[in-house]
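protein.txt, holding compact mmCIF, C-alpha atoms:
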```txt
# COMPACT_ATOMS: atom_id res chain seq x y z
CA MET H 130 -18.26 10.91 -14.31
CA LYS H 131 -19.83 10.16 -10.94
CA GLU H 132 -18.15 11.48 -7.81
CA SER H 133 -18.05 7.98 -6.35
CA VAL H 134 -18.69 4.35 -7.18
CA ASN H 135 -20.97 2.60 -4.73
CA PHE H 136 -21.66 -1.01 -3.83
CA HIS H 137 -24.33 -2.61 -1.63
CA SER H 138 -25.18 -5.97 -0.12
CA LYS H 139 -28.15 -7.92 -1.43
CA ASP H 140 -30.18 -7.01 1.65
CA GLU H 141 -29.02 -3.37 1.33
CA ARG H 142 -27.75 -3.30 4.90
CA MET H 143 -24.07 -2.85 3.95
CA TYR H 144 -22.64 -0.21 1.61
CA VAL H 145 -19.23 0.71 0.26
CA SER H 146 -18.36 4.03 -1.37
CA ILE H 147 -15.16 4.76 -3.29
CA PRO H 148 -14.41 8.21 -4.72
CA SER H 149 -13.89 8.12 -8.47
CA SER H 150 -10.51 9.80 -7.94
CA GLU H 151 -9.31 6.83 -5.85
CA LEU H 152 -10.77 4.35 -8.31
CA ASN H 153 -8.89 6.12 -11.09
CA ARG H 154 -5.74 5.89 -8.97
CA MET H 155 -6.27 2.11 -8.74
CA TYR H 156 -6.74 1.92 -12.52
CA GLN H 157 -3.50 3.84 -13.02
CA TYR H 158 -1.61 1.47 -10.72
CA CYS H 159 -3.08 -1.42 -12.73
CA SER H 160 -2.17 0.12 -16.11
CA ASN H 161 1.39 0.73 -14.93
CA SER H 162 1.69 -2.86 -13.68
CA ASN H 163 0.02 -4.72 -16.56
CA PRO H 164 0.64 -7.62 -17.34
CA TYR H 165 1.62 -8.25 -13.69
CA GLU H 166 -0.68 -8.27 -10.69
CA THR H 167 -0.44 -5.39 -8.23
CA GLY H 168 -2.39 -4.20 -5.22
CA GLY H 169 -2.43 -2.31 -1.97
CA ILE H 170 -4.61 -1.47 0.97
CA LEU H 171 -7.82 0.49 1.43
CA ILE H 172 -7.96 3.28 4.01
CA GLY H 173 -11.08 5.12 5.16
CA TYR H 174 -13.81 5.19 7.76
CA TYR H 175 -17.28 3.90 8.59
CA SER H 176 -20.40 6.05 8.64
CA SER H 177 -21.84 6.94 12.05
CA SER H 178 -24.52 4.27 11.52
CA CYS H 179 -21.73 1.75 10.72
CA ASP H 180 -23.51 0.56 7.57
CA THR H 181 -21.24 2.28 5.04
CA ALA H 182 -17.51 1.88 4.55
CA VAL H 183 -16.10 4.98 2.86
CA VAL H 184 -12.77 4.41 1.14
CA THR H 185 -10.82 7.67 1.17
CA GLU H 186 -7.44 6.40 0.02
CA VAL H 187 -5.97 3.47 -1.89
CA THR H 188 -2.28 2.72 -1.74
CA GLY H 189 -0.06 1.30 -4.41
CA GLN H 190 2.00 -1.75 -3.76
CA PRO H 191 4.45 -1.33 -0.91
CA SER H 192 8.13 -1.85 -1.66
CA ASN H 193 9.24 -5.46 -1.28
CA SER H 194 5.90 -6.73 -2.63
CA LYS H 195 6.16 -9.63 -5.09
CA GLN H 196 4.19 -9.73 -8.31
CA THR H 197 3.79 -12.26 -11.09
CA PHE H 198 1.33 -12.71 -13.95
CA THR H 199 -1.07 -14.56 -11.65
CA ARG H 200 -0.13 -13.76 -8.04
CA PHE H 201 0.47 -10.75 -5.84
CA PHE H 202 2.13 -10.88 -2.43
CA ARG H 203 1.65 -7.54 -0.66
CA SER H 204 4.47 -6.50 1.62
CA SER H 205 3.71 -4.56 4.80
CA THR H 206 6.72 -2.25 4.35
CA ASN H 207 5.89 1.27 5.64
CA LEU H 208 2.19 0.49 6.15
CA VAL H 209 2.22 0.80 9.95
CA PRO H 210 3.58 4.38 9.90
CA LEU H 211 1.14 5.26 7.10
CA LEU H 212 -1.86 3.91 9.03
CA ASN H 213 -0.64 5.51 12.27
CA SER H 214 -0.53 8.87 10.46
CA ARG H 215 -4.18 8.46 9.32
CA TRP H 216 -5.50 7.32 12.72
CA PRO H 217 -5.74 10.85 14.29
CA SER H 218 -8.07 11.96 11.47
CA GLY H 219 -10.36 8.96 12.03
CA LYS H 220 -9.16 6.91 9.06
CA TYR H 221 -8.33 3.23 9.35
CA TYR H 222 -7.36 0.08 7.47
CA LEU H 223 -10.51 -1.11 5.66
CA GLY H 224 -9.17 -3.95 3.55
CA GLU H 225 -7.26 -4.97 0.46
CA TRP H 226 -7.36 -4.43 -3.28
CA HIS H 227 -5.50 -6.06 -6.14
CA TYR H 228 -5.48 -6.49 -9.90
CA HIS H 229 -6.23 -9.51 -12.09
CA PRO H 230 -4.54 -8.37 -15.32
CA ASN H 231 -6.66 -8.77 -18.45
CA SER H 232 -8.93 -11.17 -16.61
CA SER H 233 -12.07 -11.53 -14.51
CA PRO H 234 -12.21 -9.66 -11.21
CA MET H 235 -13.81 -12.62 -9.44
CA PRO H 236 -11.89 -13.74 -6.35
CA SER H 237 -9.86 -16.94 -6.48
CA VAL H 238 -9.76 -19.47 -3.66
CA ILE H 239 -6.44 -17.90 -2.62
CA ASP H 240 -8.04 -14.41 -2.63
CA GLU H 241 -10.85 -15.65 -0.37
CA ARG H 242 -8.45 -17.39 1.98
CA THR H 243 -6.22 -14.31 2.20
CA ILE H 244 -9.00 -11.81 2.98
CA LYS H 245 -10.54 -14.19 5.55
CA ALA H 246 -7.12 -14.37 7.23
CA CYS H 247 -7.13 -10.56 7.38
CA ALA H 248 -10.48 -10.72 9.20
CA ILE H 249 -9.01 -12.77 12.05
CA ASN H 250 -5.67 -10.93 12.19
CA LYS H 251 -5.96 -9.03 15.47
CA ARG H 252 -3.16 -6.61 14.48
CA LEU H 253 -5.28 -5.28 11.61
CA LYS H 254 -8.24 -4.53 13.91
CA CYS H 255 -10.63 -5.07 11.01
CA PRO H 256 -12.96 -8.07 11.53
CA GLU H 257 -14.97 -7.20 8.38
CA PRO H 258 -12.36 -6.30 5.74
CA LEU H 259 -13.24 -5.25 2.21
CA LEU H 260 -11.82 -6.91 -0.86
CA ILE H 261 -11.77 -5.02 -4.14
CA ILE H 262 -10.45 -6.70 -7.26
CA VAL H 263 -9.88 -4.88 -10.53
CA GLY H 264 -10.04 -6.98 -13.70
CA GLY H 265 -9.70 -6.19 -17.38
CA ASN H 266 -7.49 -3.40 -18.68
CA SER H 267 -7.58 0.16 -19.96
CA THR H 268 -8.20 -0.94 -23.57
CA SER H 269 -11.04 -3.44 -23.14
CA GLY H 270 -12.44 -1.77 -20.03
CA TRP H 271 -12.11 -2.17 -16.29
CA LYS H 272 -14.23 -4.60 -14.29
CA LEU H 273 -14.72 -4.44 -10.53
CA TYR H 274 -15.48 -6.89 -7.76
CA CYS H 275 -16.25 -5.72 -4.23
CA GLY H 276 -16.84 -7.98 -1.27
CA VAL H 277 -16.75 -7.93 2.50
CA VAL H 278 -16.03 -10.64 5.06
CA LEU H 279 -19.06 -11.11 7.33
CA ASN H 280 -19.34 -13.98 9.80
CA LYS H 281 -16.28 -15.69 8.26
CA ASN H 282 -17.80 -15.61 4.75
CA LEU H 283 -16.86 -13.43 1.79
CA ILE H 284 -20.07 -11.68 0.70
CA SER H 285 -20.20 -10.21 -2.81
CA LEU H 286 -21.59 -6.70 -3.11
CA SER H 287 -23.41 -5.30 -6.16
CA GLN H 288 -22.45 -2.11 -7.87
CA ASP H 289 -25.14 0.61 -7.86
```

Would you give me this structure, written as structure tokens?
Amino acid sequence: MKESVNFHSKDERMYVSIPSSELNRMYQYCSNSNPYETGGILIGYYSSSCDTAVVTEVTGQPSNSKQTFTRFFRSSTNLVPLLNSRWPSGKYYLGEWHYHPNSSPMPSVIDERTIKACAINKRLKCPEPLLIIVGGNSTSGWKLYCGVVLNKNLISLSQD
């Protein structure tokens, strides 16, 4: 297995890298939650050239989150202390991830609206948040979507 899974923009000016270990952690969260949606946040850093977002950690769903077969409402419980503890090592909030159980990983209108709201949320300090959606399941196979909000638009990235 590769050490990381990588995505890039069509013009190859934006990249995202996720260690396979963190991707496997996401898949485990999804398997444990199936048939309900789940999700969490992405933590990491940007390369010195600011063209690559490196995800170093994915969280599971915070307590008090709400999940149904078709919706996930992420709580912010304990996220501020978690992010504050990562800040000294140069790691930050990079965006959101969630699971579409046994379905396509393509973002819904609600997914797009939610991640665009994150982009303008000044408390998050992340004007270009990532959105990763896991679809499928462990039996039929996992499917991934990765996008980033740029200039108020959600831009889909391609997997390398």

If you measure from atom CA of Asn153 of chain H to atom CA of Phe202 of chain H, what distance in Å do you get, rounded to one decimal?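 According to the coordinates, atom CA of Asn153 of chain H and atom CA of Phe202 of chain H are separated by 22.0 Å.
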
Pairwise distance for atom CA of Tyr221 of chain H and atom CA of Gln190 of chain H, rounded to one decimal in Å: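 Distance reported for this atom pair: 17.4 Å.
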
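Note that the spacing between atom CA of Arg215 of chain H and atom CA of Leu279 of chain H amounts to 24.7 Å.
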
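With distances restricted to only C-alpha atoms, H:Pro234 is the closest residue to Leu273 of chain H from H:Ile249, H:Thr243, H:Pro234, H:Asp180.
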
Taking into account only C-alpha atoms, which residue in the set H:Tyr158, H:Tyr165, H:Tyr222, H:Trp271 is nearest to Ala248 of chain H?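 Between H:Tyr158, H:Tyr165, H:Tyr222, H:Trp271, the residue approaching Ala248 of chain H most closely is H:Tyr222.
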
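Between Gly169 of chain H and the candidates H:Val134, H:Cys255, H:Ile261, H:Met143, the tightest atom-to-atom separation, counting only C-alpha atoms, involves H:Ile261.
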
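Counting all atoms listed in the file, the residue from H:Pro217, H:Pro230, H:Pro210, H:Gly276 that sits nearest to Tyr174 of chain H is H:Pro217.
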
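Closest to Ser162 of chain H among H:Lys195, H:Lys272, H:Arg142, H:Lys281 is H:Lys195, based on all atoms listed in the file.
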
Would you pick out the contacts of Leu259 of chain H at 7 Å or less, using all atoms listed in the file, so that residues sharing its chain but fewer than 6 positions from it are not included, and give the list as a count of residues only? 6

Considering only C-alpha atoms, can you say which of H:Tyr144, H:Phe136, H:Trp226, H:Phe198 comes closest to Glu186 of chain H?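 Comparing H:Tyr144, H:Phe136, H:Trp226, H:Phe198 against Glu186 of chain H, the winner is H:Trp226.
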
Sphere at (-3.5, -0.1, -8.3), radius 6 Å, counting all atoms listed in the file: residues as a list in words: Met155, Tyr156, Tyr158, Cys159, Gly168 and Gly189 of chain H

Writer output for current selection, C-alpha atoms, as an mmCIF file, keeping the file's coordinate frame:
```cif
data_model
loop_
_atom_site.group_PDB
_atom_site.id
_atom_site.type_symbol
_atom_site.label_atom_id
_atom_site.label_comp_id
_atom_site.auth_asym_id
_atom_site.auth_seq_id
_atom_site.Cartn_x
_atom_site.Cartn_y
_atom_site.Cartn_z
ATOM 1 C CA MET H 155 -6.270 2.110 -8.740
ATOM 2 C CA TYR H 156 -6.740 1.920 -12.520
ATOM 3 C CA TYR H 158 -1.610 1.470 -10.720
ATOM 4 C CA CYS H 159 -3.080 -1.420 -12.730
ATOM 5 C CA GLY H 168 -2.390 -4.200 -5.220
ATOM 6 C CA GLY H 189 -0.060 1.300 -4.410
#
```

Using all atoms listed in the file, determine which residues lie at most 7 Å from Tyr228 of chain H, disregarding the query and same-chain residues fewer than 6 positions distant; provide the list as a PyMOL selection string. chain H and resi 159+166-168+262-264

Find the residues of segment 141-172 of chain H that sit at most 12 Å from segment 250-254 of chain H; for each, write down the nearest two atoms and how far apart they are in Å, to one decimal. Count only C-alpha atoms. Sort by chain, then by number going up, and give it as a tab-separated table.
```
residue	atom	partner	partner_atom	distance
H:Ile170	CA	H:Leu253	CA	11.3
H:Leu171	CA	H:Leu253	CA	12.0
H:Ile172	CA	H:Leu253	CA	11.8
```

From the coordinates I just gave you, please extract segment 191-241 of chain H so that only C-alpha atoms remain, then output it as a PDB file, in the first residue's frame.
```pdb
ATOM      1  CA  PRO H 191     -17.040  14.617  18.459  1.00  0.00           C
ATOM      2  CA  SER H 192     -19.466  13.739  21.244  1.00  0.00           C
ATOM      3  CA  ASN H 193     -22.866  15.394  20.834  1.00  0.00           C
ATOM      4  CA  SER H 194     -22.701  15.012  17.032  1.00  0.00           C
ATOM      5  CA  LYS H 195     -25.941  13.880  15.396  1.00  0.00           C
ATOM      6  CA  GLN H 196     -26.038  11.189  12.750  1.00  0.00           C
ATOM      7  CA  THR H 197     -28.756   9.684  10.590  1.00  0.00           C
ATOM      8  CA  PHE H 198     -28.792   7.511   7.478  1.00  0.00           C
ATOM      9  CA  THR H 199     -28.474  10.602   5.272  1.00  0.00           C
ATOM     10  CA  ARG H 200     -27.195  13.475   7.423  1.00  0.00           C
ATOM     11  CA  PHE H 201     -24.349  14.241   9.789  1.00  0.00           C
ATOM     12  CA  PHE H 202     -24.238  17.231  12.126  1.00  0.00           C
ATOM     13  CA  ARG H 203     -20.731  17.584  13.565  1.00  0.00           C
ATOM     14  CA  SER H 204     -20.555  18.959  17.068  1.00  0.00           C
ATOM     15  CA  SER H 205     -17.641  21.177  18.085  1.00  0.00           C
ATOM     16  CA  THR H 206     -17.325  19.543  21.519  1.00  0.00           C
ATOM     17  CA  ASN H 207     -13.644  19.421  22.594  1.00  0.00           C
ATOM     18  CA  LEU H 208     -12.348  20.587  19.201  1.00  0.00           C
ATOM     19  CA  VAL H 209     -10.977  23.939  20.410  1.00  0.00           C
ATOM     20  CA  PRO H 210      -8.698  22.336  23.045  1.00  0.00           C
ATOM     21  CA  LEU H 211      -7.626  19.702  20.499  1.00  0.00           C
ATOM     22  CA  LEU H 212      -6.720  22.306  17.882  1.00  0.00           C
ATOM     23  CA  ASN H 213      -5.019  24.509  20.492  1.00  0.00           C
ATOM     24  CA  SER H 214      -2.847  21.529  21.457  1.00  0.00           C
ATOM     25  CA  ARG H 215      -1.768  21.038  17.804  1.00  0.00           C
ATOM     26  CA  TRP H 216      -1.051  24.730  17.132  1.00  0.00           C
ATOM     27  CA  PRO H 217       2.438  24.800  18.805  1.00  0.00           C
ATOM     28  CA  SER H 218       3.638  22.041  16.447  1.00  0.00           C
ATOM     29  CA  GLY H 219       2.434  23.978  13.381  1.00  0.00           C
ATOM     30  CA  LYS H 220      -0.715  21.941  12.766  1.00  0.00           C
ATOM     31  CA  TYR H 221      -4.067  23.561  12.065  1.00  0.00           C
ATOM     32  CA  TYR H 222      -7.684  22.982  11.103  1.00  0.00           C
ATOM     33  CA  LEU H 223      -7.689  22.136   7.370  1.00  0.00           C
ATOM     34  CA  GLY H 224     -11.302  21.175   6.791  1.00  0.00           C
ATOM     35  CA  GLU H 225     -13.983  18.552   7.174  1.00  0.00           C
ATOM     36  CA  TRP H 226     -14.605  14.940   6.268  1.00  0.00           C
ATOM     37  CA  HIS H 227     -17.692  12.769   6.427  1.00  0.00           C
ATOM     38  CA  TYR H 228     -19.175   9.499   5.226  1.00  0.00           C
ATOM     39  CA  HIS H 229     -21.954   8.767   2.732  1.00  0.00           C
ATOM     40  CA  PRO H 230     -22.795   5.183   3.761  1.00  0.00           C
ATOM     41  CA  ASN H 231     -23.039   2.708   0.892  1.00  0.00           C
ATOM     42  CA  SER H 232     -23.367   5.575  -1.553  1.00  0.00           C
ATOM     43  CA  SER H 233     -21.527   7.969  -3.842  1.00  0.00           C
ATOM     44  CA  PRO H 234     -18.935  10.266  -2.284  1.00  0.00           C
ATOM     45  CA  MET H 235     -20.076  13.218  -4.394  1.00  0.00           C
ATOM     46  CA  PRO H 236     -21.005  16.282  -2.328  1.00  0.00           C
ATOM     47  CA  SER H 237     -24.650  17.199  -1.907  1.00  0.00           C
ATOM     48  CA  VAL H 238     -25.950  20.759  -2.069  1.00  0.00           C
ATOM     49  CA  ILE H 239     -25.943  20.735   1.748  1.00  0.00           C
ATOM     50  CA  ASP H 240     -22.307  19.526   1.780  1.00  0.00           C
ATOM     51  CA  GLU H 241     -21.297  22.377  -0.543  1.00  0.00           C
TER      52      GLU H 241
END
```
